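Participant: To start, I am sharing the structure in question, which I have written as structure tokens.
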Protein chains: 2
Amino acid sequence: MQEFNINICLIEDDETIREGYEYLINNTEGYKVTGSFPSYEDAAKKIARCEPDVILLDVELPGVSGIDAIPKLKKLVPEAHVIILTVYEQELQIFRALGNGAAGYMTKDTPHERILTSIKEVMSGGGPMSSQIARMVIQSFQRNEESPLTPRETEILEQISTGKSRKRIAEELFIDLETVKSHIKNIYSKLNVHSKADAIKLAKDNKFI
Amino acid sequence: MQEFNINICLIEDDETIREGYEYLINNTEGYKVTGSFPSYEDAAKKIARCEPDVILLDVELPGVSGIDAIPKLKKLVPEAHVIILTVYEQELQIFRALGNGAAGYMTKDTPHERILTSIKEVMSGGGPMSSQIARMVIQSFQRNEESPLTPRETEILEQISTGKSRKRIAEELFIDLETVKSHIKNIYSKLNVHSKADAIKLAKDNKFI
DNA sequence: CACATATCCCCCAAAACAGGTTATTTATAC
DNA sequence: GTATAAATAACCTGTTTTGGGGGATATGTG
């Protein structure tokens with residue numbers, strides 16, 4: 001009946017939680033736990049032989065943290081999709097995990113049913129995230145409405161942040177070099193900075209660009 | 001029985017699709033369509049009086065595109081959460097929509113049931129996304145493993161991309177200006193470029209930084 | 001040992017940058 | 001209709017940065 005068979009490995013130091021997931025997964029048709037480890041160090045030795053399709057990875061691990069374990073695991077089993085499981089919803093942690101190659105990010109209060117669909121989702125090219133995590137990720141793309149910069153000033157500061165020279169910016173926007181310089185002077189004055197590095201940093205921190 | 005009552009507005013030029021969603025939503029307890037428009041221009045006049053909690057917005061609209069309509073709608077009804085509904089999954093479009101303030105992004109092949117849960121999700125601070133969209137968003141955070149740059153070179157190129165001068169980078173990394181220059185020469189040579197703007201662009205396009 | 005990586009040193013000329021001041025045009029606001 | 005904000009352009013002064021050329025030295029790892 002069941003068309004698929006997904007191998008899953010768990011890395012989680014809390015034995016109770018680990019056994020809970022293990023029980024859940026092994027009792028669902030099509031899913032099988034082929035490895036279960038309390039730390040990255042333990043997993044490293046044997047995980048390749050478990051041939052996991054999906055790795056459920058805790059962030060708060062003894063020794064190597066879950067975040068730092070992601071790239072190492074990807075080297076050991078490149079085909080595996082890593083889904084982070086954590087109690088925390090810290091922005092920095094989320095972005096570091098995703099940057100390190102996590103394919104999904106779920107909080108531990110997620111219903112068991114959702115964990116199983118998350119596994120199926122990564123297998124079919126999706127990126128499962130808890131709803132609050134998704135909101136944080138989306139927010140990281142959004143601009144600050146309260147920017148003191150005009151649209152043109154914002155545009156020019158964006159160009160500067162790509163490393164382009166004023167001359168090149170002028171050419172690409174079909175305006176005079178002097179005009180670009182004027183805009184930059186106004187930008188610096190509004191942001192109260194005296195260099196492009198400071199302008200870029202302040203603007204990025206405040207999501208003006 | 002029902003504890004909530006969510007006002008929804010639709011902006012969608014295809015009448016059949018629009019009426020389909022309208023029927024679906026109005027026949028679900030707790031959800032009500034208070035406005036339904038074929039274009040942004042039509043919506044702009046009346047939408048404030050509809051007091052929407054959620055706006056379902058098509059991207060392919062006649063006149064003002066859905067993407068450009070987002071900030072305008074947010075000005076008209078700041079409390080409303082905008083969910084994009086589209087047939088396309090174009091990366092650039094997704095990021096522009098999210099950057100413009102969309103709280104969710106769903107493809108039109110989404111089951112009707114999922115549309116309703118998406119509406120509930122945005123109302124409780126979530127960020128609903130189709131699974132493929134979520135993967136693309138997650139991928140935008142990830143680095144290229146095949147970078148030709150060494151860790152130190154990557155670090156320095158990252159610093160350059162923030163607009164810092166070589167002198168400042170040297171100070172912050174506690175190395176000599178000449179060392180920074182050497183690294184930059186190597187970076188340019190590896191990437192086959194002759195300016196920081198080109199190096200930054202190439203590195204970002206290829207996700208080396 | 002060779003190789004990669006990271007570090008430091010010298011030189012040069014062209015380009016880019018920061019800041020000061022003023023002015024015109026256009027559009028929106030009151 | 002007259003302020004006001006935004007975008008445009010010009011002229012001036014310096015200082016700093018940049019990109020490219022040539023090297024050299026240490027420190028690891030396979």
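Scheme for the structure tokens: letters A, B, ... for chains in order shown; per-chain residue numbers from 1; ligand numbers from 1 in order shown.
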Could you please tell me, as a count of residues only, which residues of chain B have an atom within 10 Å of chain A when using only C-alpha atoms?

Facilitator: 53

Participant: Near stretch 15-23 of chain D, within 12 Å and counting only C-alpha atoms (C1' of nucleotides), which residues show up once chain neighbours fewer than 6 positions away are dropped, as JSON, numbers by chain?

Facilitator: {"A": [165, 195], "B": [163, 164, 165, 166, 167, 168, 177, 181, 182, 184, 185, 186, 188, 189, 193, 194, 195, 196, 197], "C": [8, 9, 10, 11, 12, 13, 14, 15, 16, 17, 18, 19]}

Participant: Pick out each residue of stretch 47-196 of chain B that DSSP on the backbone tags as strand (DSSP E or B); I need them as a list in words.

Facilitator: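 These are the residues in question: Val54, Ile55, Leu56, Leu57, Asp58, His81, Val82, Ile83, Ile84, Leu85, Thr86, Gly104, Tyr105, Met106, Thr107 and Met129 of chain B.
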
Participant: When you look at D:DG28 with a cut-off of 12 Å (counting only C-alpha atoms (C1' of nucleotides)), what residues show up, excluding the ones that are within fewer than 4 positions of it in the same chain? I need them as a list of chain:residue names.

Facilitator: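 Close residues of D:DG28: C:DC3, C:DA4, C:DT5, C:DA6.
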
Participant: May I ask for the distance between atom CA of B:Pro148 and atom CA of A:Lys74, given in Å to one decimal place?

Facilitator: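 Computing it gives 18.5 Å between the two atoms.
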
Participant: Would you work out the distance separating atom CA of B:Tyr40 from atom CA of A:Lys207, expressed in Å to one decimal?

Facilitator: 26.7 Å

Participant: Quick check: residues of chain D within 9 Å of chain A, only C-alpha atoms (C1' of nucleotides), returned as a ChimeraX atom specification.

Facilitator: /D:6-10

Participant: Keeping only C-alpha atoms (C1' of nucleotides), write the selected residues to a file as an mmCIF file, in the first residue's frame.

Facilitator:
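Contents of selection-v5.cif, as written:
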data_model
loop_
_atom_site.group_PDB
_atom_site.id
_atom_site.type_symbol
_atom_site.label_atom_id
_atom_site.label_comp_id
_atom_site.auth_asym_id
_atom_site.auth_seq_id
_atom_site.Cartn_x
_atom_site.Cartn_y
_atom_site.Cartn_z
ATOM 1 C "C1'" DA D 6 12.205 66.055 -3.602
ATOM 2 C "C1'" DA D 7 15.195 65.450 -7.343
ATOM 3 C "C1'" DT D 8 18.317 67.499 -10.128
ATOM 4 C "C1'" DA D 9 22.887 69.957 -11.166
ATOM 5 C "C1'" DA D 10 27.128 72.816 -10.465
#

Participant: Taking the DSSP secondary structure from the backbone, can you list the residues of stretch 142-182 of chain A that are helix (DSSP H, G or I), as an NGL selection string?

Facilitator: :A and (151-161 or 166-173 or 177-182)

Participant: What lies within 12 Å of D:DA3 using only C-alpha atoms (C1' of nucleotides), ignoring chain neighbours under 5 positions off, as a short mmCIF file (atom, residue, chain, number, x, y, z; two decimals) with N, CA, C and O atoms (P, O5', C5', C4', C3', O3' and C1' of nucleotides), in the first residue's frame?

Facilitator:
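The result, stored in result_8.cif:
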data_model
loop_
_atom_site.label_atom_id
_atom_site.label_comp_id
_atom_site.auth_asym_id
_atom_site.auth_seq_id
_atom_site.Cartn_x
_atom_site.Cartn_y
_atom_site.Cartn_z
P DT C 28 2.15 65.08 -7.55
"O5'" DT C 28 1.96 65.31 -5.98
"C5'" DT C 28 3.02 64.95 -5.09
"C4'" DT C 28 2.90 65.77 -3.81
"C3'" DT C 28 1.48 65.88 -3.25
"O3'" DT C 28 1.50 65.47 -1.88
"C1'" DT C 28 2.49 68.02 -3.36
P DA C 29 0.23 65.72 -0.95
"O5'" DA C 29 0.57 67.11 -0.26
"C5'" DA C 29 1.79 67.26 0.47
"C4'" DA C 29 1.65 68.41 1.46
"C3'" DA C 29 0.29 68.46 2.16
"O3'" DA C 29 0.47 68.88 3.51
"C1'" DA C 29 0.57 70.42 0.80
P DC C 30 -0.81 68.92 4.49
"O5'" DC C 30 -1.13 70.47 4.66
"C5'" DC C 30 -0.08 71.39 4.99
"C4'" DC C 30 -0.56 72.82 4.82
"C3'" DC C 30 -1.95 73.10 5.39
"O3'" DC C 30 -1.90 74.23 6.26
"C1'" DC C 30 -1.81 73.88 3.15
#

Participant: If you count only C-alpha atoms (C1' of nucleotides), which residues fall within 12 Å of stretch 57-63 of chain B, apart from same-chain ones fewer than 2 positions away, as JSON, numbers by chain?

Facilitator: {"B": [8, 9, 10, 11, 12, 13, 14, 15, 17, 18, 21, 35, 36, 37, 38, 39, 40, 41, 42, 43, 54, 55, 65, 66, 67, 68, 69, 70, 73, 80, 81, 82, 83, 84, 85, 86, 87, 88, 89, 90, 93, 94, 96, 97, 102, 103, 104, 105, 106, 107, 108]}

Participant: Residues near C:DG20, anyone? I mean within 10 Å using only C-alpha atoms (C1' of nucleotides), not counting same-chain ones fewer than 2 positions away, as a PyMOL selection string.

Facilitator: (chain C and resi 18+22) or (chain D and resi 12-13)
